[in-house]
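Dropping entry.tsv in here (TSV, C-alpha atoms):
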chain	number	residue	atom	x	y	z
A	251	MET	CA	83.83	117.08	108.19
A	252	THR	CA	81.97	118.17	105.06
A	253	GLN	CA	83.43	118.36	101.58
A	254	ALA	CA	83.27	122.16	101.77
A	255	GLN	CA	85.34	122.15	104.99
A	256	MET	CA	87.92	119.82	103.40
A	257	ILE	CA	88.29	122.09	100.40
A	258	GLU	CA	88.68	125.06	102.76
A	259	ILE	CA	91.59	123.32	104.52
A	260	ILE	CA	93.26	122.51	101.19
A	261	ARG	CA	92.89	126.12	100.07
A	262	MET	CA	94.53	127.40	103.24
A	263	HIS	CA	97.70	125.75	101.88
A	264	HIS	CA	97.00	126.32	98.19
A	265	PRO	CA	94.88	129.45	97.66
A	266	ASP	CA	95.31	129.14	93.87
A	267	MET	CA	93.99	125.59	93.68
A	268	GLY	CA	90.53	125.44	92.12
A	269	GLU	CA	87.62	123.60	93.66
A	270	THR	CA	87.58	121.06	90.81
A	271	GLU	CA	91.25	120.20	91.28
A	272	ALA	CA	90.84	119.92	95.06
A	273	ARG	CA	87.83	117.61	94.55
A	274	LEU	CA	89.82	115.49	92.09
A	275	TYR	CA	92.53	114.92	94.71
A	276	LEU	CA	89.94	114.25	97.43
A	277	ASN	CA	88.32	111.60	95.23
A	278	LYS	CA	91.68	109.96	94.52
A	279	ALA	CA	92.46	110.01	98.25
A	280	LEU	CA	89.07	108.55	99.19
A	281	LYS	CA	89.35	105.74	96.61
A	282	GLU	CA	92.86	104.84	97.75
A	283	PHE	CA	91.87	105.07	101.41
A	284	CYS	CA	88.92	102.68	100.98
A	285	ARG	CA	90.87	100.24	98.80
A	286	GLU	CA	93.90	100.11	101.11
A	287	THR	CA	92.10	100.02	104.45
A	288	GLU	CA	89.02	97.95	103.51
A	289	ILE	CA	87.31	99.93	106.25
A	290	LEU	CA	83.83	100.11	104.70
A	291	SER	CA	81.75	96.97	104.49
A	292	GLY	CA	78.19	96.21	103.53
A	293	THR	CA	75.64	93.60	102.52
A	294	THR	CA	73.07	93.36	99.78
A	295	THR	CA	70.49	90.75	98.83
A	296	PHE	CA	68.99	89.61	95.56
A	297	SER	CA	67.05	86.60	94.31
A	298	THR	CA	68.39	84.04	91.90
A	299	VAL	CA	66.55	83.50	88.65
A	300	ILE	CA	66.06	79.98	87.38
A	301	ASP	CA	68.69	79.12	84.76
A	302	GLN	CA	70.48	82.46	85.20
A	303	ARG	CA	74.07	82.11	86.30
A	304	TYR	CA	75.50	85.66	86.29
A	305	TYR	CA	74.36	88.66	88.36
A	306	ASP	CA	75.61	92.26	88.38
A	307	ILE	CA	77.77	93.56	91.22
A	308	ASP	CA	77.59	97.21	92.32
A	309	SER	CA	80.54	99.16	90.93
A	310	ASN	CA	81.49	100.34	94.45
A	311	VAL	CA	82.16	96.78	95.63
A	312	ILE	CA	85.89	96.18	96.05
A	313	LYS	CA	85.88	92.62	97.35
A	314	ILE	CA	83.29	89.98	98.21
A	315	ASN	CA	84.04	88.27	101.53
A	316	ARG	CA	81.16	85.89	101.86
A	317	VAL	CA	78.06	84.73	100.01
A	318	ASP	CA	74.96	83.21	101.65
A	319	ILE	CA	72.04	81.42	100.06
A	320	ASN	CA	68.90	81.31	102.20
A	321	ASP	CA	71.06	82.49	105.15
A	322	TYR	CA	73.66	79.70	104.85
A	323	GLU	CA	77.19	80.39	103.70
A	324	ILE	CA	78.18	78.81	100.40
A	325	SER	CA	81.70	78.08	99.28
A	326	ARG	CA	83.69	79.81	96.59
A	327	LEU	CA	84.29	77.75	93.50
A	328	SER	CA	87.95	77.14	92.90
A	329	GLY	CA	88.58	78.34	89.38
A	330	LEU	CA	85.76	78.72	86.86
A	331	PRO	CA	83.04	76.21	85.88
A	332	GLU	CA	84.30	73.66	83.36
A	333	LYS	CA	81.29	74.26	81.11
A	334	THR	CA	80.71	77.84	79.95
A	335	ASP	CA	77.19	79.14	80.33
A	336	GLY	CA	76.57	82.72	79.26
A	337	SER	CA	73.14	83.03	80.91
B	6	MET	CA	68.43	70.69	107.65
B	7	ALA	CA	67.02	70.33	104.12
B	8	VAL	CA	67.25	74.10	103.61
B	9	LYS	CA	70.85	74.08	104.78
B	10	THR	CA	71.80	71.17	102.56
B	11	ALA	CA	70.06	72.64	99.53
B	12	ALA	CA	71.74	76.01	100.09
B	13	GLN	CA	75.16	74.51	100.55
B	14	ASN	CA	74.91	72.67	97.26
B	15	HIS	CA	75.67	76.01	95.64
B	16	ALA	CA	78.92	77.83	94.97
B	17	TRP	CA	79.96	81.25	93.74
B	18	PHE	CA	82.69	82.71	91.58
B	19	ILE	CA	83.59	86.02	89.92
B	20	LYS	CA	83.89	86.47	86.17
B	21	ASP	CA	83.84	89.67	84.09
B	22	ASN	CA	82.85	91.80	87.12
B	23	LYS	CA	79.76	89.69	87.71
B	24	ILE	CA	79.05	87.12	90.37
B	25	GLY	CA	78.24	83.63	89.18
B	26	ILE	CA	75.97	81.42	91.29
B	27	VAL	CA	75.95	77.73	90.43
B	28	LYS	CA	74.48	74.56	91.79
B	29	THR	CA	76.98	71.80	92.38
B	30	SER	CA	76.07	68.40	91.09
B	31	SER	CA	77.55	64.96	91.50
B	32	THR	CA	75.06	63.20	89.25
B	33	SER	CA	75.09	65.43	86.17
B	34	ASP	CA	77.77	65.07	83.47
B	35	VAL	CA	79.05	68.53	84.47
B	36	SER	CA	80.07	69.44	88.01
B	37	VAL	CA	78.02	72.64	88.19
B	38	THR	CA	74.77	73.87	86.65
B	39	SER	CA	72.87	77.17	86.77
B	40	PRO	CA	70.37	77.64	89.65
B	41	SER	CA	67.19	75.63	89.31
B	42	THR	CA	65.26	77.37	92.10
B	43	VAL	CA	64.61	80.93	93.23
B	44	ASP	CA	66.73	81.57	96.33
B	45	THR	CA	67.77	84.61	98.33
B	46	VAL	CA	71.45	85.49	97.95
B	47	ARG	CA	73.20	87.77	100.41
B	48	LEU	CA	76.58	89.27	99.52
B	49	HIS	CA	78.94	90.46	102.27
B	50	PHE	CA	81.47	92.84	100.75
B	51	ILE	CA	84.10	95.53	101.18
B	52	LYS	CA	83.15	98.69	99.33
B	53	ARG	CA	84.49	102.08	98.42
B	54	ASP	CA	82.75	105.30	99.32
B	55	GLU	CA	80.78	107.40	96.87
B	56	ASP	CA	82.58	110.14	94.93
B	57	PHE	CA	82.67	113.76	96.02
B	58	ILE	CA	80.46	115.79	93.69
B	59	SER	CA	80.05	119.51	93.11
B	60	SER	CA	76.39	119.81	94.10
B	61	ASP	CA	74.23	118.50	96.93
B	62	THR	CA	71.90	116.71	94.54
B	63	GLY	CA	72.64	113.49	92.70
B	64	THR	CA	74.55	110.39	93.66
B	65	GLY	CA	77.68	111.24	95.59
B	66	ILE	CA	78.98	113.27	98.51
B	67	GLY	CA	77.73	116.85	98.13
B	68	MET	CA	79.44	120.02	99.34
B	69	GLU	CA	77.65	119.95	102.69
B	70	GLU	CA	77.87	116.16	103.12
B	71	SER	CA	80.56	113.96	104.67
B	72	PRO	CA	82.13	110.70	103.53
B	73	ALA	CA	81.09	107.43	105.20
B	74	ILE	CA	84.60	106.62	106.48
B	75	PRO	CA	85.13	107.23	110.23
B	76	ALA	CA	85.14	110.95	111.09
B	77	GLU	CA	88.64	110.78	112.59
B	78	PHE	CA	90.01	110.11	109.09
B	79	HIS	CA	88.18	112.88	107.23
B	80	GLU	CA	91.09	115.29	107.64
B	81	THR	CA	93.43	112.56	106.37
B	82	LEU	CA	91.95	112.98	102.90
B	83	THR	CA	93.07	116.61	102.88
B	84	HIS	CA	96.68	115.55	103.64
B	85	TYR	CA	96.81	113.77	100.30
B	86	ALA	CA	95.42	116.78	98.42
B	87	VAL	CA	97.70	119.22	100.24
B	88	ALA	CA	100.74	117.03	99.44
B	89	ARG	CA	99.76	116.91	95.76
B	90	GLY	CA	99.55	120.69	95.70
B	91	TYR	CA	103.02	121.10	97.21
B	92	GLU	CA	104.48	118.48	94.84
B	93	LYS	CA	103.87	120.90	91.98
B	94	ARG	CA	106.15	123.48	93.63
B	95	PRO	CA	109.83	122.41	93.74
B	96	ASP	CA	110.60	125.07	96.39
B	97	MET	CA	108.04	123.50	98.75
B	98	ILE	CA	109.08	119.87	98.34
B	99	ASN	CA	109.72	119.46	102.07
B	100	ASN	CA	106.09	120.35	102.76
B	101	ALA	CA	105.05	117.77	100.16
B	102	ILE	CA	107.15	115.10	101.91
B	103	TYR	CA	105.71	116.11	105.30
B	104	PHE	CA	102.09	115.82	104.17
B	105	ARG	CA	102.78	112.59	102.22
B	106	ASN	CA	104.18	111.06	105.41
B	107	LEU	CA	101.20	112.30	107.39
B	108	TRP	CA	98.86	110.72	104.82
B	109	GLN	CA	100.75	107.41	104.96
B	110	GLN	CA	100.79	107.34	108.76
B	111	GLU	CA	97.05	107.88	108.97
B	112	LEU	CA	96.48	105.27	106.25
B	113	ASN	CA	98.45	102.72	108.27
B	114	LYS	CA	96.49	103.64	111.41
B	115	ALA	CA	93.21	103.12	109.53
B	116	LYS	CA	94.38	99.73	108.20
B	117	LYS	CA	95.01	98.61	111.77
B	118	GLU	CA	91.69	99.99	112.95
B	119	SER	CA	89.74	98.19	110.23
B	120	ASP	CA	91.15	94.89	111.50
B	121	ILE	CA	89.83	95.45	115.02
B	122	ASN	CA	86.30	94.53	115.91
B	123	LYS	CA	84.27	96.84	118.13
B	124	ASP	CA	85.01	94.72	121.21
B	125	GLY	CA	88.72	95.40	120.77
B	126	THR	CA	89.64	91.96	119.49
B	127	SER	CA	90.92	91.16	116.04
B	128	TYR	CA	88.11	89.94	113.85
B	129	PHE	CA	90.43	88.33	111.35
B	130	ILE	CA	93.97	88.92	110.21
B	131	ARG	CA	94.80	90.33	106.82
B	132	GLY	CA	98.27	90.78	105.42
B	133	TYR	CA	99.34	94.26	104.34
B	134	ASP	CA	102.43	95.89	102.88
B	135	PHE	CA	103.06	98.86	105.17
If you convert what's in this file into structure tokens, what do you get?
Amino acid sequence: MTQAQMIEIIRMHHPDMGETEARLYLNKALKEFCRETEILSGTTTFSTVIDQRYYDIDSNVIKINRVDINDYEISRLSGLPEKTDGS
Amino acid sequence: MAVKTAAQNHAWFIKDNKIGIVKTSSTSDVSVTSPSTVDTVRLHFIKRDEDFISSDTGTGIGMEESPAIPAEFHETLTHYAVARGYEKRPDMINNAIYFRNLWQQELNKAKKESDINKDGTSYFIRGYDF
């Protein structure tokens, strides 16, 4: 179903509701749906840089389930490193 | 085996919306250090869909495009919006309750579906508040 079709259904119930308002509710619904159901998953790869500790995460990522290095799973550190390194 | 051992001498953590990759060490005076080699990292994650946008150009779901969630739940998104519309009208509060319940039922169905692998068996069990 396309966004246009969804807005058409909403307007069958609420003819006075504007497209912007309908889209606002659809976005809230979609965010809540994805967060609650965890139904969409994905993978991405990047290369480490020598002496660089921190790497950006896409803003659409809700939760990281697993991390591999050179195809082997690595463990999650319990807590944070004892020595801070801002690199 | 060397590749496996070298890879598994690493660990990850999250801080300030970034992922930290460190090399674990038993010989250094600190337990972890920043990576000392260039390696390929693969993240496996749960993500949210893109936003609905007003045009068909740009990053997002355009007017003639569909969200990436399973097609059977596309109409579910409209239940939420319809309920919100009725909630603004006190005389139609029963309709609001009806569509809220419909939204919640479909949400619960989707939660169950996301736990089932394509062969029909549970992939892993997650706890939810239904």
Using all atoms listed in the file, find which residues of chain B lie within 6 Å of chain A and jot them down as a VMD selection string. chain B and resid 12 to 13 16 to 18 23 to 26 39 to 53 56 68 to 71 82 86 to 87 116 119
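Computed from the coordinates, the CA of Glu77 (chain B) to CA of Arg94 (chain B) distance equals 28.8 Å.
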Could you work out how far CA of Pro265 (chain A) lies from CA of Tyr103 (chain B), giving the answer in Å with one decimal? 18.8 Å
Do you know which residues are at most 6 Å from Thr29 (chain B) counting only C-alpha atoms, after dropping those on the same chain fewer than 6 positions away, and could you put them as a PyMOL selection string? chain B and resi 14-15+36-37
